[in-house]
Every structure is written in C-alpha cells, then in structure tokens.
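Asks: run_8.cif is the file, holding mmCIF, C-alpha atoms:
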```cif
data_query
loop_
_atom_site.group_PDB
_atom_site.id
_atom_site.type_symbol
_atom_site.label_atom_id
_atom_site.label_comp_id
_atom_site.auth_asym_id
_atom_site.auth_seq_id
_atom_site.Cartn_x
_atom_site.Cartn_y
_atom_site.Cartn_z
ATOM 1 C CA MET A 1 59.035 39.831 -51.884
ATOM 2 C CA GLY A 2 58.924 38.991 -48.239
ATOM 3 C CA LYS A 3 58.962 36.222 -45.706
ATOM 4 C CA PRO A 4 56.448 33.430 -46.455
ATOM 5 C CA GLU A 5 53.334 33.625 -44.313
ATOM 6 C CA LEU A 6 50.900 30.932 -43.230
ATOM 7 C CA LEU A 7 47.429 32.483 -43.222
ATOM 8 C CA ALA A 8 44.380 30.677 -41.814
ATOM 9 C CA PRO A 9 40.668 31.513 -41.558
ATOM 10 C CA ALA A 10 39.209 32.490 -38.185
ATOM 11 C CA GLY A 11 35.421 32.372 -37.955
ATOM 12 C CA ASN A 12 35.401 33.471 -34.311
ATOM 13 C CA LEU A 13 37.759 34.229 -31.414
ATOM 14 C CA GLU A 14 38.169 30.586 -30.442
ATOM 15 C CA LYS A 15 39.196 29.651 -33.989
ATOM 16 C CA LEU A 16 41.583 32.609 -34.077
ATOM 17 C CA LYS A 17 43.325 31.352 -30.940
ATOM 18 C CA ILE A 18 43.501 27.812 -32.341
ATOM 19 C CA ALA A 19 44.956 29.019 -35.647
ATOM 20 C CA PHE A 20 47.650 30.996 -33.841
ATOM 21 C CA SER A 21 48.444 28.158 -31.441
ATOM 22 C CA TYR A 22 48.955 25.791 -34.399
ATOM 23 C CA GLY A 23 51.424 28.107 -36.100
ATOM 24 C CA ALA A 24 49.477 30.511 -38.298
ATOM 25 C CA ASP A 25 51.358 33.763 -38.825
ATOM 26 C CA ALA A 26 48.110 35.572 -39.588
ATOM 27 C CA VAL A 27 44.372 35.040 -39.790
ATOM 28 C CA TYR A 28 41.656 36.426 -41.993
ATOM 29 C CA LEU A 29 38.322 37.137 -40.425
ATOM 30 C CA GLY A 30 35.016 38.681 -41.298
ATOM 31 C CA PHE A 31 32.741 41.177 -39.643
ATOM 32 C CA GLN A 32 28.992 40.610 -39.456
ATOM 33 C CA ARG A 33 28.572 42.455 -42.776
ATOM 34 C CA PHE A 34 30.446 42.769 -46.056
ATOM 35 C CA GLY A 35 32.054 39.303 -46.071
ATOM 36 C CA LEU A 36 31.572 36.001 -47.868
ATOM 37 C CA ARG A 37 31.231 33.768 -44.825
ATOM 38 C CA SER A 38 27.691 34.601 -43.767
ATOM 39 C CA GLY A 39 27.365 31.154 -42.149
ATOM 40 C CA ALA A 40 30.311 31.740 -39.790
ATOM 41 C CA ASP A 41 29.960 33.266 -36.336
ATOM 42 C CA ASN A 42 31.896 36.316 -37.571
ATOM 43 C CA PHE A 43 33.243 39.133 -35.445
ATOM 44 C CA THR A 44 31.574 41.959 -33.569
ATOM 45 C CA LEU A 45 33.403 45.221 -32.876
ATOM 46 C CA SER A 46 34.300 44.017 -29.377
ATOM 47 C CA ASP A 47 35.571 40.739 -30.871
ATOM 48 C CA LEU A 48 37.778 42.745 -33.240
ATOM 49 C CA ALA A 49 39.260 44.622 -30.304
ATOM 50 C CA GLU A 50 40.029 41.335 -28.520
ATOM 51 C CA ALA A 51 41.441 39.797 -31.698
ATOM 52 C CA ARG A 52 43.769 42.769 -32.147
ATOM 53 C CA LYS A 53 44.947 42.444 -28.556
ATOM 54 C CA ILE A 54 45.654 38.699 -28.917
ATOM 55 C CA ALA A 55 47.472 39.185 -32.221
ATOM 56 C CA ASP A 56 49.636 41.973 -30.801
ATOM 57 C CA GLN A 57 50.601 39.864 -27.786
ATOM 58 C CA LEU A 58 51.692 37.012 -30.070
ATOM 59 C CA GLY A 59 53.277 39.125 -32.806
ATOM 60 C CA LYS A 60 50.687 37.914 -35.343
ATOM 61 C CA ARG A 61 48.681 39.662 -38.050
ATOM 62 C CA ILE A 62 44.957 40.119 -38.719
ATOM 63 C CA TYR A 63 43.365 40.645 -42.120
ATOM 64 C CA LEU A 64 39.746 41.757 -42.307
ATOM 65 C CA THR A 65 37.639 40.557 -45.230
ATOM 66 C CA ILE A 66 35.351 42.932 -47.066
ATOM 67 C CA ASN A 67 35.218 40.561 -49.990
ATOM 68 C CA SER A 68 31.595 40.285 -51.080
ATOM 69 C CA TYR A 69 30.271 42.244 -54.037
ATOM 70 C CA LEU A 70 28.434 45.191 -52.559
ATOM 71 C CA HIS A 71 25.201 46.649 -53.880
ATOM 72 C CA GLU A 72 24.772 50.424 -53.906
ATOM 73 C CA PHE A 73 22.990 50.631 -50.541
ATOM 74 C CA GLU A 74 25.743 48.560 -48.892
ATOM 75 C CA LEU A 75 28.543 50.571 -50.473
ATOM 76 C CA ALA A 76 26.980 53.717 -49.002
ATOM 77 C CA ASP A 77 27.441 52.233 -45.501
ATOM 78 C CA LEU A 78 31.090 51.308 -46.040
ATOM 79 C CA PRO A 79 32.774 54.658 -45.133
ATOM 80 C CA GLU A 80 31.102 54.660 -41.708
ATOM 81 C CA PHE A 81 32.238 51.082 -41.125
ATOM 82 C CA LEU A 82 35.801 51.966 -42.135
ATOM 83 C CA GLU A 83 35.773 54.724 -39.506
ATOM 84 C CA LEU A 84 34.680 52.192 -36.874
ATOM 85 C CA ILE A 85 37.475 49.718 -37.636
ATOM 86 C CA LYS A 86 40.354 52.210 -37.808
ATOM 87 C CA GLY A 87 40.851 51.833 -34.066
ATOM 88 C CA PHE A 88 41.339 48.075 -34.417
ATOM 89 C CA ALA A 89 43.982 48.603 -37.099
ATOM 90 C CA PRO A 90 43.714 45.421 -39.149
ATOM 91 C CA ASP A 91 47.019 44.769 -40.875
ATOM 92 C CA ALA A 92 45.159 44.742 -44.191
ATOM 93 C CA ILE A 93 41.687 44.494 -45.672
ATOM 94 C CA ILE A 94 40.989 41.758 -48.227
ATOM 95 C CA VAL A 95 38.677 42.970 -51.014
ATOM 96 C CA GLY A 96 37.215 41.386 -54.127
ATOM 97 C CA ASP A 97 35.395 44.364 -55.638
ATOM 98 C CA ILE A 98 37.300 47.184 -57.350
ATOM 99 C CA GLY A 99 34.625 49.646 -56.202
ATOM 100 C CA VAL A 100 35.208 48.621 -52.586
ATOM 101 C CA ALA A 101 38.953 49.045 -53.128
ATOM 102 C CA THR A 102 38.488 52.641 -54.310
ATOM 103 C CA VAL A 103 36.231 53.484 -51.348
ATOM 104 C CA ILE A 104 38.807 52.045 -48.934
ATOM 105 C CA ARG A 105 41.582 54.065 -50.560
ATOM 106 C CA ARG A 106 39.498 57.256 -50.259
ATOM 107 C CA HIS A 107 38.488 56.789 -46.618
ATOM 108 C CA CYS A 108 41.369 55.104 -44.820
ATOM 109 C CA SER A 109 45.052 54.258 -45.031
ATOM 110 C CA ILE A 110 44.747 50.568 -44.079
ATOM 111 C CA PRO A 111 46.599 48.498 -46.721
ATOM 112 C CA PHE A 112 44.442 46.264 -48.855
ATOM 113 C CA HIS A 113 44.892 42.902 -50.547
ATOM 114 C CA ILE A 114 42.928 41.612 -53.521
ATOM 115 C CA SER A 115 40.832 38.508 -52.870
ATOM 116 C CA THR A 116 40.866 35.375 -54.989
ATOM 117 C CA GLN A 117 37.277 36.412 -55.824
ATOM 118 C CA ALA A 118 38.766 38.985 -58.227
ATOM 119 C CA SER A 119 40.158 36.146 -60.379
ATOM 120 C CA VAL A 120 43.596 37.666 -60.924
ATOM 121 C CA ILE A 121 45.369 35.172 -63.174
ATOM 122 C CA ASN A 122 47.627 37.333 -65.352
ATOM 123 C CA VAL A 123 50.301 39.997 -64.980
ATOM 124 C CA ALA A 124 48.313 42.794 -66.645
ATOM 125 C CA HIS A 125 45.449 42.310 -64.166
ATOM 126 C CA ALA A 126 47.897 42.257 -61.249
ATOM 127 C CA LYS A 127 49.585 45.458 -62.442
ATOM 128 C CA ALA A 128 46.223 47.187 -62.743
ATOM 129 C CA TYR A 129 45.536 46.467 -59.073
ATOM 130 C CA LYS A 130 49.077 47.456 -58.131
ATOM 131 C CA SER A 131 48.404 50.868 -59.695
ATOM 132 C CA LEU A 132 45.570 51.271 -57.154
ATOM 133 C CA GLY A 133 48.010 50.696 -54.296
ATOM 134 C CA VAL A 134 47.476 46.977 -53.720
ATOM 135 C CA LYS A 135 50.183 45.331 -51.645
ATOM 136 C CA ARG A 136 49.206 41.668 -52.135
ATOM 137 C CA ILE A 137 47.090 39.646 -54.525
ATOM 138 C CA VAL A 138 45.445 36.358 -53.612
ATOM 139 C CA VAL A 139 45.688 34.878 -57.084
ATOM 140 C CA GLY A 140 42.965 32.860 -58.773
ATOM 141 C CA ARG A 141 42.940 29.255 -57.659
ATOM 142 C CA GLU A 142 43.343 28.147 -61.260
ATOM 143 C CA LEU A 143 47.046 29.138 -61.293
ATOM 144 C CA SER A 144 49.908 26.710 -60.814
ATOM 145 C CA LEU A 145 52.731 27.532 -58.405
ATOM 146 C CA ALA A 146 55.005 28.374 -61.353
ATOM 147 C CA GLU A 147 52.399 30.713 -62.858
ATOM 148 C CA ALA A 148 51.897 32.461 -59.520
ATOM 149 C CA ALA A 149 55.673 32.901 -59.122
ATOM 150 C CA TYR A 150 55.882 34.421 -62.600
ATOM 151 C CA LEU A 151 53.016 36.813 -61.844
ATOM 152 C CA GLN A 152 54.699 37.887 -58.601
ATOM 153 C CA LYS A 153 58.023 38.541 -60.309
ATOM 154 C CA GLU A 154 56.622 40.400 -63.305
ATOM 155 C CA ALA A 155 53.971 42.454 -61.475
ATOM 156 C CA GLY A 156 56.101 43.232 -58.426
ATOM 157 C CA VAL A 157 53.415 42.463 -55.856
ATOM 158 C CA GLU A 158 53.163 39.970 -53.017
ATOM 159 C CA VAL A 159 51.302 36.820 -54.027
ATOM 160 C CA GLU A 160 49.180 34.587 -51.846
ATOM 161 C CA MET A 161 47.803 31.189 -52.855
ATOM 162 C CA PHE A 162 45.187 28.857 -51.432
ATOM 163 C CA LEU A 163 46.673 25.541 -50.301
ATOM 164 C CA HIS A 164 43.340 23.968 -49.430
ATOM 165 C CA GLY A 165 39.725 24.587 -50.282
ATOM 166 C CA ALA A 166 37.086 24.171 -52.946
ATOM 167 C CA LEU A 167 37.891 24.967 -56.559
ATOM 168 C CA CYS A 168 34.585 26.597 -57.437
ATOM 169 C CA MET A 169 32.759 25.792 -60.664
ATOM 170 C CA SER A 170 33.803 29.100 -62.156
ATOM 171 C CA TYR A 171 36.796 31.404 -61.932
ATOM 172 C CA SER A 172 37.843 31.765 -58.287
ATOM 173 C CA GLY A 173 34.427 31.630 -56.748
ATOM 174 C CA GLN A 174 32.441 33.687 -59.234
ATOM 175 C CA CYS A 175 29.885 30.937 -59.422
ATOM 176 C CA THR A 176 26.139 30.963 -59.949
ATOM 177 C CA ILE A 177 25.393 27.253 -59.513
ATOM 178 C CA SER A 178 24.482 27.812 -55.852
ATOM 179 C CA ASN A 179 22.042 30.546 -56.912
ATOM 180 C CA TYR A 180 20.443 28.217 -59.441
ATOM 181 C CA GLN A 181 20.177 25.214 -57.110
ATOM 182 C CA SER A 182 19.138 26.911 -53.894
ATOM 183 C CA ALA A 183 18.621 30.653 -54.498
ATOM 184 C CA ARG A 184 21.621 31.328 -52.255
ATOM 185 C CA ASP A 185 24.150 33.729 -53.773
ATOM 186 C CA ALA A 186 27.687 32.334 -53.738
ATOM 187 C CA ASN A 187 29.132 35.798 -54.315
ATOM 188 C CA ARG A 188 27.343 37.266 -51.315
ATOM 189 C CA GLY A 189 28.176 34.711 -48.623
ATOM 190 C CA GLY A 190 25.448 32.143 -49.225
ATOM 191 C CA CYS A 191 27.288 29.398 -51.155
ATOM 192 C CA VAL A 192 25.902 25.877 -50.595
ATOM 193 C CA GLN A 193 29.170 24.335 -51.887
ATOM 194 C CA SER A 194 27.597 22.917 -55.044
ATOM 195 C CA CYS A 195 31.085 22.019 -56.274
ATOM 196 C CA ARG A 196 31.445 19.458 -53.440
ATOM 197 C CA HIS A 197 28.191 17.596 -54.087
ATOM 198 C CA HIS A 198 28.144 14.119 -55.597
ATOM 199 C CA TYR A 199 26.430 14.142 -58.974
#
```
Written as structure tokens, that's how I'd like the structure from this file.

Replies:
Amino acid sequence: MGKPELLAPAGNLEKLKIAFSYGADAVYLGFQRFGLRSGADNFTLSDLAEARKIADQLGKRIYLTINSYLHEFELADLPEFLELIKGFAPDAIIVGDIGVATVIRRHCSIPFHISTQASVINVAHAKAYKSLGVKRIVVGRELSLAEAAYLQKEAGVEVEMFLHGALCMSYSGQCTISNYQSARDANRGGCVQSCRHHY
C-alpha cells in the first residue's frame, strides 16, 4: 500500500517539534474545536501556519483531527472552518463521523482518513468508507495485526493501527462510562479515562 509511517500526537507546537525530532514521519493535531482532545493546548490558526512551515522544512506530514461527533449547530460551522484551513493544506483530515466526512467531501479536496472512533473492524465497513473516497482507515483497536493486514488487502485501503494507548471500555472509544461517572462526554473530548482507573 505504501511506505510504513510513524504517526504521533502533537498537542501543541512544542510537542510537534519533539515528535519530529524523535523520528515521527507525521503528526496528528487538533484545532480548538471539532476534536477529541479538549484537554490539550490544541492549535490556533497561526499555530497551524507555523506547523505547516515546520513540516514542510523537514519533509514531514500533518493530519488535522475533526474526529468528534458533531451536533447540528457544530456541523453548520464546519464549511466555514474548512475554508479557513485550506491555506494550511493539512495532508489529510482524520474524521470519525460519516456526516463530517460527507461535508468535507462537498467543501474541500483535502484527503480524509477514518478515525479509530468509527470502529472499522471488517472489510465491508472499510469498503463502504472507501466508496466515499477514504484513503486510509485507522482500524478499531480490537483488531490483531493479522486481521488489520487482511482488511487492508481485501478492502484496498491504507491501514493505520494504534501501537500504544487506552483500549476503551467499548468499541474504539465509543464509550459512555466517562459520561456516567463524571458527566464528561468521552465522544466529545471530555473523557476522564475511566478505563485506566483501579477498581
């Protein structure tokens, strides 16, 4: 499918620089809206411009996350945001919501990847996203390496896997335990990491 890529999170510009200096080929980062890391510093528009400049100088890639599940009023703001980020040309946008994916396809030509939040764990699901123009799928964290390889071969899409992180108490992050324990929505950036607590 392509050359393997080491992708790391970047919560701010300093973390982006550190990730690149330690060998990451690409980083994923979030803006101040629409992402799942509401507790991170996250990027402003000027930060995005600087991140793009740094990545270009180093021959690295930047993926922007729009991976939370958007309510109607938020989805209405998305086209304007997509216009704003076109100038920063992220190499791809990582999405978890099929509605967001269709809005992106309608309003810009930036490639998009499917987030692990979409819980893609079978070939039929992967092919459905491929039909929407998806280039890469971050498969559900429940899959083994062999299962992910099979999905990649049969669906004909790039596959990305998490090497480190929490295995949420539901399919690929679609968890409501955080909501129940603390009234913080795990699917909208507020997860309290209930899966890491000692019980």

Asks: Which one of A:Pro9, A:Pro79, A:Gly30, A:Gly99 sits closest to A:Phe162 if you count all atoms listed in the file?

Replies: A:Pro9

Asks: Set the distance at 10 Å and use all atoms listed in the file: which residues neighbour A:Ser46 once local chain neighbours fewer than 5 positions away are removed? I'd like the list as number ranges by chain.

Replies: A: 51-52, 88

Asks: If I take atom CA of A:Cys195 and atom CA of A:Tyr28, how far is one from the other in Å, to one decimal?

Replies: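 Interatomic distance, atom CA of A:Cys195 to atom CA of A:Tyr28: 22.9 Å.
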
Asks: Determine, counting only C-alpha atoms, which protein, DNA and RNA residues have an atom within 7 Å of an atom of A:Lys60; residues of the same chain fewer than 4 positions away are not included. Present the result as a PDB file with C-alpha atoms, in the frame of the given file.

Replies:
```pdb
ATOM      1  CA  ASP A  25      51.358  33.763 -38.825  1.00  0.00           C
ATOM      2  CA  ALA A  26      48.110  35.572 -39.588  1.00  0.00           C
ATOM      3  CA  ALA A  55      47.472  39.185 -32.221  1.00  0.00           C
ATOM      4  CA  ASP A  56      49.636  41.973 -30.801  1.00  0.00           C
TER       5      ASP A  56
END
```

Asks: Given the file shown, enumerate the residues that the PyMOL selection byres ((chain A and resi 86) around 12) captures and present them as a PDB file with C-alpha atoms, in the frame of the given file.

Replies:
```
ATOM      1  CA  LEU A  45      33.403  45.221 -32.876  1.00  0.00           C
ATOM      2  CA  LEU A  48      37.778  42.745 -33.240  1.00  0.00           C
ATOM      3  CA  ALA A  49      39.260  44.622 -30.304  1.00  0.00           C
ATOM      4  CA  ARG A  52      43.769  42.769 -32.147  1.00  0.00           C
ATOM      5  CA  LEU A  64      39.746  41.757 -42.307  1.00  0.00           C
ATOM      6  CA  PRO A  79      32.774  54.658 -45.133  1.00  0.00           C
ATOM      7  CA  GLU A  80      31.102  54.660 -41.708  1.00  0.00           C
ATOM      8  CA  PHE A  81      32.238  51.082 -41.125  1.00  0.00           C
ATOM      9  CA  LEU A  82      35.801  51.966 -42.135  1.00  0.00           C
ATOM     10  CA  GLU A  83      35.773  54.724 -39.506  1.00  0.00           C
ATOM     11  CA  LEU A  84      34.680  52.192 -36.874  1.00  0.00           C
ATOM     12  CA  ILE A  85      37.475  49.718 -37.636  1.00  0.00           C
ATOM     13  CA  GLY A  87      40.851  51.833 -34.066  1.00  0.00           C
ATOM     14  CA  PHE A  88      41.339  48.075 -34.417  1.00  0.00           C
ATOM     15  CA  ALA A  89      43.982  48.603 -37.099  1.00  0.00           C
ATOM     16  CA  PRO A  90      43.714  45.421 -39.149  1.00  0.00           C
ATOM     17  CA  ASP A  91      47.019  44.769 -40.875  1.00  0.00           C
ATOM     18  CA  ALA A  92      45.159  44.742 -44.191  1.00  0.00           C
ATOM     19  CA  ILE A  93      41.687  44.494 -45.672  1.00  0.00           C
ATOM     20  CA  ILE A 104      38.807  52.045 -48.934  1.00  0.00           C
ATOM     21  CA  HIS A 107      38.488  56.789 -46.618  1.00  0.00           C
ATOM     22  CA  CYS A 108      41.369  55.104 -44.820  1.00  0.00           C
ATOM     23  CA  SER A 109      45.052  54.258 -45.031  1.00  0.00           C
ATOM     24  CA  ILE A 110      44.747  50.568 -44.079  1.00  0.00           C
ATOM     25  CA  PRO A 111      46.599  48.498 -46.721  1.00  0.00           C
TER      26      PRO A 111
END
```

Asks: Atom CA of A:Ile54 to atom CA of A:Ala24: how many Å, to one decimal?

Replies: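 Computing the Euclidean distance for atom CA of A:Ile54 and atom CA of A:Ala24 yields 13.0 Å.
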
Asks: Applying 12 Å and all atoms listed in the file, which residues near A:Val159 remain after dropping the ones on its own chain fewer than 5 positions away? List them as a PyMOL selection string.

Replies: chain A and resi 1-5+113-116+120-123+126+130+134-141+143+145-154

Asks: Selection from above, C-alpha atoms, as a PDB file, in the frame of the given file, can you write it?

Replies:
```pdb
ATOM      1  CA  MET A   1      59.035  39.831 -51.884  1.00  0.00           C
ATOM      2  CA  GLY A   2      58.924  38.991 -48.239  1.00  0.00           C
ATOM      3  CA  LYS A   3      58.962  36.222 -45.706  1.00  0.00           C
ATOM      4  CA  PRO A   4      56.448  33.430 -46.455  1.00  0.00           C
ATOM      5  CA  GLU A   5      53.334  33.625 -44.313  1.00  0.00           C
ATOM      6  CA  HIS A 113      44.892  42.902 -50.547  1.00  0.00           C
ATOM      7  CA  ILE A 114      42.928  41.612 -53.521  1.00  0.00           C
ATOM      8  CA  SER A 115      40.832  38.508 -52.870  1.00  0.00           C
ATOM      9  CA  THR A 116      40.866  35.375 -54.989  1.00  0.00           C
ATOM     10  CA  VAL A 120      43.596  37.666 -60.924  1.00  0.00           C
ATOM     11  CA  ILE A 121      45.369  35.172 -63.174  1.00  0.00           C
ATOM     12  CA  ASN A 122      47.627  37.333 -65.352  1.00  0.00           C
ATOM     13  CA  VAL A 123      50.301  39.997 -64.980  1.00  0.00           C
ATOM     14  CA  ALA A 126      47.897  42.257 -61.249  1.00  0.00           C
ATOM     15  CA  LYS A 130      49.077  47.456 -58.131  1.00  0.00           C
ATOM     16  CA  VAL A 134      47.476  46.977 -53.720  1.00  0.00           C
ATOM     17  CA  LYS A 135      50.183  45.331 -51.645  1.00  0.00           C
ATOM     18  CA  ARG A 136      49.206  41.668 -52.135  1.00  0.00           C
ATOM     19  CA  ILE A 137      47.090  39.646 -54.525  1.00  0.00           C
ATOM     20  CA  VAL A 138      45.445  36.358 -53.612  1.00  0.00           C
ATOM     21  CA  VAL A 139      45.688  34.878 -57.084  1.00  0.00           C
ATOM     22  CA  GLY A 140      42.965  32.860 -58.773  1.00  0.00           C
ATOM     23  CA  ARG A 141      42.940  29.255 -57.659  1.00  0.00           C
ATOM     24  CA  LEU A 143      47.046  29.138 -61.293  1.00  0.00           C
ATOM     25  CA  LEU A 145      52.731  27.532 -58.405  1.00  0.00           C
ATOM     26  CA  ALA A 146      55.005  28.374 -61.353  1.00  0.00           C
ATOM     27  CA  GLU A 147      52.399  30.713 -62.858  1.00  0.00           C
ATOM     28  CA  ALA A 148      51.897  32.461 -59.520  1.00  0.00           C
ATOM     29  CA  ALA A 149      55.673  32.901 -59.122  1.00  0.00           C
ATOM     30  CA  TYR A 150      55.882  34.421 -62.600  1.00  0.00           C
ATOM     31  CA  LEU A 151      53.016  36.813 -61.844  1.00  0.00           C
ATOM     32  CA  GLN A 152      54.699  37.887 -58.601  1.00  0.00           C
ATOM     33  CA  LYS A 153      58.023  38.541 -60.309  1.00  0.00           C
ATOM     34  CA  GLU A 154      56.622  40.400 -63.305  1.00  0.00           C
TER      35      GLU A 154
END
```

Asks: Quick check on the file I pasted: which residues fall under the PyMOL selection byres ((chain A and resi 14) around 12)? Write them as JSON, numbers by chain.

Replies: {"A": [9, 10, 11, 12, 13, 15, 16, 17, 18, 19, 20, 21, 29, 41, 42, 43, 47, 50, 51, 54]}

Asks: Quote the spacing between atom CA of A:Arg61 and atom CA of A:Gly23 in Å to one decimal place.

Replies: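 Atom-to-atom, atom CA of A:Arg61 to atom CA of A:Gly23, that is 12.0 Å.
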
Asks: So, counting all atoms listed in the file, which residue among A:Ile98, A:Thr44, A:Val27, A:Glu74 is closest to A:Arg188?

Replies: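 So, comparing all the options, the nearest one is A:Glu74.
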
Asks: Rank nothing, just name the residue among A:Ala186, A:His71, A:Gly59, A:Phe31 nearest to A:Ile94, using only C-alpha atoms.

Replies: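 Of all the options, A:Phe31 lies closest to A:Ile94.
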
Asks: Which residue is closest to A:Glu158? Choose from A:Tyr22, A:Tyr129, A:Arg196, A:Arg105 and count all atoms listed in the file.

Replies: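 Under the stated criterion, the closest residue is A:Tyr129.
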
Asks: Give the padded box for stretch 113-128 of chain A as lines of an AutoDock Vina configuration file: axis-aligned, covering all atoms listed in the file, 4 Å on each side, centre and edge lengths in Å to one decimal.

Replies:
```
center_x = 43.8
center_y = 41.2
center_z = -58.6
size_x = 21.0
size_y = 20.0
size_z = 24.1
```

Asks: A:Thr176, A:Ile66, A:Phe73, A:Ser119: which is nearest A:Val100, counting all atoms listed in the file?

Replies: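 Selected residue with least distance to A:Val100: A:Ile66.
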